[in-house]
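Dropping structure-v2.txt in here (compact mmCIF, C-alpha atoms (C1' of nucleotides)):
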# COMPACT_ATOMS: atom_id res chain seq x y z
CA MET A 1 0.00 0.00 0.00
CA ASN A 2 1.42 3.33 -1.10
CA PRO A 3 -0.35 6.22 0.69
CA ALA A 4 0.44 8.59 -2.18
CA TRP A 5 -2.16 6.91 -4.37
CA LEU A 6 -4.84 7.49 -1.74
CA HIS A 7 -3.68 11.05 -1.10
CA ILE A 8 -4.28 11.92 -4.73
CA HIS A 9 -7.87 10.76 -4.29
CA ASP A 10 -8.18 12.90 -1.17
CA ARG A 11 -6.91 15.97 -3.00
CA LEU A 12 -9.39 15.46 -5.81
CA LEU A 13 -12.27 14.85 -3.40
CA ALA A 14 -11.41 18.01 -1.47
CA ALA A 15 -11.26 20.01 -4.70
CA PHE A 16 -14.34 18.64 -6.50
CA GLY A 17 -16.51 16.96 -3.87
CA PRO A 18 -18.38 13.65 -4.27
CA GLN A 19 -19.31 12.88 -7.90
CA HIS A 20 -22.23 10.52 -7.21
CA TRP A 21 -21.41 8.30 -10.17
CA TRP A 22 -22.58 6.71 -12.46
CA PRO A 23 -24.77 9.46 -13.98
CA GLY A 24 -27.76 7.21 -14.73
CA ASP A 25 -31.02 6.22 -13.05
CA THR A 26 -30.98 2.44 -13.47
CA PRO A 27 -28.42 -0.35 -13.92
CA PHE A 28 -29.60 -0.81 -17.49
CA GLU A 29 -29.05 2.87 -18.21
CA VAL A 30 -25.55 2.56 -16.76
CA MET A 31 -24.76 -0.42 -19.00
CA THR A 32 -26.13 1.37 -22.04
CA GLY A 33 -24.14 4.48 -21.22
CA ALA A 34 -20.98 2.41 -20.78
CA VAL A 35 -21.25 1.25 -24.39
CA LEU A 36 -22.41 4.56 -25.82
CA THR A 37 -19.57 6.54 -24.22
CA GLN A 38 -16.83 4.51 -25.91
CA ASN A 39 -14.44 7.08 -27.35
CA THR A 40 -17.29 9.59 -27.25
CA ALA A 41 -17.97 12.82 -25.36
CA TRP A 42 -20.48 12.31 -22.55
CA GLY A 43 -22.66 15.18 -23.75
CA ASN A 44 -23.37 13.25 -26.93
CA VAL A 45 -24.23 10.16 -24.89
CA GLU A 46 -26.75 12.16 -22.86
CA LYS A 47 -28.53 13.16 -26.03
CA ALA A 48 -28.73 9.56 -27.19
CA ILE A 49 -30.02 8.37 -23.82
CA ALA A 50 -32.65 11.11 -23.77
CA ARG A 51 -33.85 9.94 -27.19
CA LEU A 52 -34.02 6.33 -25.98
CA LYS A 53 -36.06 7.43 -22.96
CA ALA A 54 -38.40 9.50 -25.13
CA ALA A 55 -38.94 6.43 -27.32
CA ASN A 56 -39.55 4.32 -24.20
CA ALA A 57 -36.69 2.13 -25.40
CA LEU A 58 -34.37 2.19 -22.40
CA SER A 59 -34.89 -1.40 -21.30
CA GLY A 60 -33.50 -4.73 -22.41
CA ARG A 61 -36.77 -6.01 -23.90
CA ALA A 62 -37.55 -2.77 -25.72
CA LEU A 63 -34.05 -2.46 -27.08
CA LEU A 64 -33.96 -6.06 -28.33
CA ASP A 65 -37.26 -5.57 -30.14
CA LEU A 66 -36.14 -2.48 -32.07
CA GLU A 67 -35.09 -2.80 -35.68
CA PRO A 68 -31.35 -2.10 -35.98
CA ALA A 69 -32.01 0.88 -38.23
CA THR A 70 -34.47 2.32 -35.68
CA LEU A 71 -32.07 1.88 -32.80
CA ALA A 72 -29.23 3.35 -34.83
CA ASP A 73 -31.31 6.43 -35.53
CA LEU A 74 -32.16 6.85 -31.83
CA ILE A 75 -28.52 6.71 -30.71
CA ARG A 76 -27.17 8.72 -33.64
CA PRO A 77 -25.89 11.65 -31.52
CA ALA A 78 -23.50 9.29 -29.69
CA GLY A 79 -21.59 8.53 -32.91
CA TYR A 80 -20.48 5.13 -34.27
CA PHE A 81 -24.20 4.38 -34.32
CA ASN A 82 -24.05 1.26 -36.47
CA VAL A 83 -21.28 -0.28 -34.40
CA LYS A 84 -22.97 0.65 -31.13
CA THR A 85 -26.31 -0.72 -32.30
CA ARG A 86 -24.67 -4.13 -32.73
CA ARG A 87 -22.92 -3.82 -29.37
CA LEU A 88 -26.04 -2.85 -27.44
CA LYS A 89 -27.99 -5.72 -28.94
CA ALA A 90 -25.14 -8.12 -28.18
CA LEU A 91 -25.12 -6.97 -24.56
CA CYS A 92 -28.90 -7.41 -24.29
CA ALA A 93 -28.67 -10.86 -25.85
CA TYR A 94 -26.12 -11.75 -23.20
CA LEU A 95 -28.38 -10.43 -20.42
CA GLU A 96 -31.19 -12.56 -21.79
CA GLN A 97 -28.91 -15.59 -21.89
CA GLU A 98 -28.15 -15.07 -18.20
CA GLY A 99 -31.83 -14.60 -17.36
CA ALA A 100 -31.16 -10.98 -16.42
CA LEU A 101 -32.85 -9.09 -19.24
CA ASP A 102 -35.76 -7.79 -17.17
CA ASP A 103 -33.65 -7.24 -14.05
CA PRO A 104 -30.00 -6.57 -14.99
CA VAL A 105 -28.78 -6.60 -11.36
CA LEU A 106 -29.45 -10.35 -11.39
CA LEU A 107 -26.32 -10.55 -13.52
CA ALA A 108 -24.28 -10.19 -10.34
CA GLN A 109 -25.54 -13.62 -9.25
CA ALA A 110 -24.82 -15.35 -12.55
CA ALA A 111 -21.24 -16.20 -11.61
CA PRO A 112 -18.36 -15.26 -9.28
CA LEU A 113 -16.72 -11.96 -10.16
CA PRO A 114 -13.70 -13.24 -12.16
CA GLU A 115 -15.92 -15.54 -14.24
CA LEU A 116 -18.53 -12.83 -14.71
CA ARG A 117 -15.85 -10.48 -16.00
CA ARG A 118 -14.66 -13.10 -18.49
CA ARG A 119 -18.21 -13.58 -19.74
CA LEU A 120 -18.70 -9.84 -20.22
CA LEU A 121 -15.42 -9.62 -22.12
CA ALA A 122 -16.70 -12.35 -24.44
CA VAL A 123 -19.60 -10.10 -25.50
CA ASN A 124 -18.87 -8.27 -28.75
CA GLY A 125 -18.14 -4.64 -28.04
CA VAL A 126 -17.35 -5.11 -24.36
CA GLY A 127 -13.67 -4.51 -23.64
CA GLU A 128 -11.94 -4.13 -20.31
CA GLU A 129 -13.06 -0.62 -19.42
CA THR A 130 -16.65 -1.24 -20.48
CA ALA A 131 -16.78 -4.53 -18.54
CA ASP A 132 -15.32 -2.96 -15.41
CA SER A 133 -17.63 0.07 -15.63
CA ILE A 134 -20.61 -2.30 -15.76
CA LEU A 135 -19.29 -4.38 -12.86
CA LEU A 136 -18.59 -1.38 -10.63
CA TYR A 137 -21.25 1.15 -11.56
CA ALA A 138 -24.18 -1.06 -12.60
CA LEU A 139 -23.60 -4.07 -10.33
CA ASP A 140 -21.74 -2.43 -7.42
CA LEU A 141 -18.95 -5.00 -7.51
CA GLN A 142 -15.45 -4.19 -6.29
CA VAL A 143 -13.53 -3.43 -9.49
CA PHE A 144 -11.24 -0.49 -10.23
CA VAL A 145 -11.98 1.11 -13.61
CA VAL A 146 -9.06 2.32 -15.74
CA ASP A 147 -9.49 4.71 -18.65
CA ALA A 148 -7.44 7.01 -20.85
CA TYR A 149 -7.55 9.81 -18.25
CA THR A 150 -6.27 7.44 -15.57
CA ARG A 151 -3.29 6.41 -17.67
CA ARG A 152 -2.51 9.97 -18.77
CA LEU A 153 -2.80 11.52 -15.32
CA PHE A 154 -0.71 8.94 -13.49
CA THR A 155 1.90 8.97 -16.22
CA ARG A 156 2.19 12.74 -15.90
CA LEU A 157 2.36 12.43 -12.12
CA GLY A 158 5.31 10.06 -12.56
CA ARG A 159 3.49 7.06 -11.07
CA LEU A 160 3.32 5.13 -14.37
CA ARG A 161 5.61 4.83 -17.35
CA GLY A 162 2.65 5.03 -19.72
CA ASP A 163 3.12 1.81 -21.65
CA GLU A 164 1.57 -0.54 -19.06
CA ARG A 165 -1.31 -2.82 -19.99
CA TYR A 166 -4.78 -2.16 -18.63
CA SER A 167 -4.44 -5.08 -16.22
CA GLU A 168 -1.14 -3.77 -14.89
CA ILE A 169 -2.55 -0.32 -14.17
CA GLN A 170 -5.58 -1.85 -12.51
CA ALA A 171 -3.34 -4.08 -10.39
CA ALA A 172 -1.31 -1.06 -9.31
CA PHE A 173 -4.41 0.72 -8.03
CA THR A 174 -5.74 -2.29 -6.16
CA ALA A 175 -2.29 -2.87 -4.65
CA HIS A 176 -1.90 0.73 -3.48
CA LEU A 177 -5.46 1.34 -2.22
CA PRO A 178 -7.57 -0.22 0.52
CA PRO A 179 -10.18 -2.62 -0.94
CA ASP A 180 -13.23 -0.39 -0.83
CA ARG A 181 -15.96 -0.31 -3.47
CA ALA A 182 -17.06 3.20 -2.55
CA LEU A 183 -13.47 4.41 -2.87
CA TYR A 184 -13.05 2.77 -6.29
CA ASN A 185 -16.33 4.34 -7.39
CA GLU A 186 -15.37 7.83 -6.27
CA TYR A 187 -11.76 7.71 -7.41
CA HIS A 188 -12.48 6.86 -11.03
CA ALA A 189 -15.24 9.46 -11.19
CA LEU A 190 -12.90 12.12 -9.79
CA ILE A 191 -10.15 11.20 -12.26
CA VAL A 192 -12.58 11.64 -15.15
CA HIS A 193 -13.79 14.96 -13.78
CA LEU A 194 -10.23 16.23 -13.49
CA GLY A 195 -9.31 14.80 -16.85
CA LYS A 196 -12.10 16.52 -18.73
CA GLU A 197 -11.09 19.89 -17.39
CA PHE A 198 -7.31 19.79 -17.05
CA CYS A 199 -5.62 16.55 -18.09
CA ARG A 200 -6.27 16.60 -21.81
CA PRO A 201 -3.77 15.30 -24.40
CA ARG A 202 -2.68 18.92 -24.65
CA PRO A 203 -2.36 19.78 -20.94
CA ARG A 204 -4.58 22.59 -19.62
CA CYS A 205 -3.02 22.83 -16.19
CA GLY A 206 -4.53 26.19 -15.23
CA ALA A 207 -6.25 25.73 -11.90
CA CYS A 208 -5.62 21.99 -11.66
CA PRO A 209 -5.72 20.98 -7.97
CA LEU A 210 -2.80 18.60 -8.53
CA ASN A 211 -0.41 21.25 -9.86
CA ALA A 212 1.68 21.12 -6.67
CA GLN A 213 2.61 17.47 -7.28
CA CYS A 214 2.49 17.37 -11.10
CA PRO A 215 5.73 17.89 -13.07
CA VAL A 216 3.76 18.80 -16.19
CA ALA A 217 2.39 21.92 -14.51
CA GLY A 218 5.80 23.32 -13.68
C1' DA B 1 -10.16 24.29 -39.94
C1' DC B 2 -8.49 21.69 -36.66
C1' DC B 3 -8.44 18.59 -32.17
C1' DC B 4 -10.72 15.52 -29.27
C1' DA B 5 -13.99 12.53 -26.67
C1' DG B 6 -15.08 8.20 -19.96
C1' DG B 7 -12.94 2.25 -26.55
C1' DG B 8 -13.15 -1.89 -29.14
C1' DT B 9 -12.66 -4.99 -33.18
C1' DC B 10 -10.49 -6.87 -36.93
C1' DA B 11 -6.84 -7.78 -40.27
C1' DT B 12 -2.16 -8.15 -40.73
C1' DA B 13 2.97 -9.05 -39.68
C1' DT C 1 2.39 -9.55 -29.16
C1' DA C 2 1.78 -5.22 -31.47
C1' DT C 3 0.65 -1.96 -34.75
C1' DG C 4 -2.90 0.43 -37.97
C1' DA C 5 -7.47 1.20 -40.13
C1' DC C 6 -11.93 1.77 -39.02
C1' DC C 7 -16.12 3.34 -36.74
C1' DA C 8 -19.10 9.05 -36.63
C1' DT C 9 -21.32 12.80 -34.02
C1' DG C 10 -20.73 17.31 -31.91
C1' DG C 11 -18.39 20.83 -28.80
C1' DG C 12 -14.41 23.84 -28.13
What do you get writing this file as structure tokens?
Amino acid sequence: MNPAWLHIHDRLLAAFGPQHWWPGDTPFEVMTGAVLTQNTAWGNVEKAIARLKAANALSGRALLDLEPATLADLIRPAGYFNVKTRRLKALCAYLEQEGALDDPVLLAQAAPLPELRRRLLAVNGVGEETADSILLYALDLQVFVVDAYTRRLFTRLGRLRGDERYSEIQAAFTAHLPPDRALYNEYHALIVHLGKEFCRPRPRCGACPLNAQCPVAG
DNA sequence: ACCCAGGGTCATA
DNA sequence: TATGACCATGGG
């Protein structure tokens, strides 16, 4: 356990406050958002989700029943709409296979966590970040989520080289932090919040709360 | 007119 | 294992 990794969380929490993630009303909305936000600005995802809600299509059954072209049109603002149509339907088909289509939280009982993660990764369009986001934010399971902001920030802070695999970065966090689902939830959300504002590919370290400990800022 | 976003798949070497 | 092409809308 390296206290520095927890201290960074504390700094972010002090600066930004609790994030109350995931921004979504139901586990199914969280899962849908996890797919729609792949390499896509969250604002565009919100538009797509609003359209799904307006069409009363934000449920596993409804989404499975939609024609691909209809679904693609509904999620158009989120980009990659043909790809994401296939991915959303694949995820719903998997939920149905596990008997969790009408109540997605039942997925948590389908298998132990490591096996459940493997099954999610076997679904077309579900990679490591998407799987872990579903596990943590839709199913409340203890999994640390790694994304591009996480890698970029901790590389700039000098805590990563930058060329580590996803699994290596995830292992570093779980090794350096106490095992706490609420902490994992808050930490990832805070990293994304910071990342959107300051830790872009082209650094915007104006009023970044981590400037004191970030070499990039100086 | 650029750059970028809370990735993932597939073909190829 | 590790690159590269591809997917597409919308805000800054």
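Between CA of Gly195 in chain A and CA of Cys208 in chain A the separation is 9.6 Å.
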Interface list for chain B, partner chain A, 6 Å threshold, all atoms listed in the file, as an mmCIF file with C-alpha atoms (C1' of nucleotides), in the frame of the given file:
data_model
loop_
_atom_site.group_PDB
_atom_site.id
_atom_site.type_symbol
_atom_site.label_atom_id
_atom_site.label_comp_id
_atom_site.auth_asym_id
_atom_site.auth_seq_id
_atom_site.Cartn_x
_atom_site.Cartn_y
_atom_site.Cartn_z
ATOM 1 C "C1'" DA B 5 -13.990 12.530 -26.670
ATOM 2 C "C1'" DG B 7 -12.940 2.250 -26.550
ATOM 3 C "C1'" DG B 8 -13.150 -1.890 -29.140
#
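Picture a line from CA of Ile8 in chain A to CA of Asp163 in chain A; it runs 21.1 Å.
Around the point (-7.8, 2.4, -33.5), within 10 Å and counting all atoms listed in the file, we find these residues: DG7, DG8 and DT9 of chain B; DT3, DG4, DA5, DC6 and DC7 of chain C.
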Contacts from chain C to chain A, 7 Å maximum, only C-alpha atoms (C1' of nucleotides): show me the residue list as a JSON list (two decimals) with C-alpha atoms (C1' of nucleotides), in the frame of the given file.
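Dumped to selection-v5.json:
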[["chain", "number", "residue", "atom", "x", "y", "z"],
["C", 7, "DC", "C1'", -16.12, 3.34, -36.74],
["C", 8, "DA", "C1'", -19.10, 9.05, -36.63],
["C", 9, "DT", "C1'", -21.32, 12.80, -34.02],
["C", 10, "DG", "C1'", -20.73, 17.31, -31.91]]
*Taking (2.9, 8.9, -14.2) in the file's coordinates as the center, which residues reach within 12 Å of it, counting all atoms listed in the file, put as a ChimeraX atom specification?*
/A:5,149-164,169,172,213-216
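Separating CA of Ala15 in chain A from CA of Pro203 in chain A is a distance of 18.5 Å.
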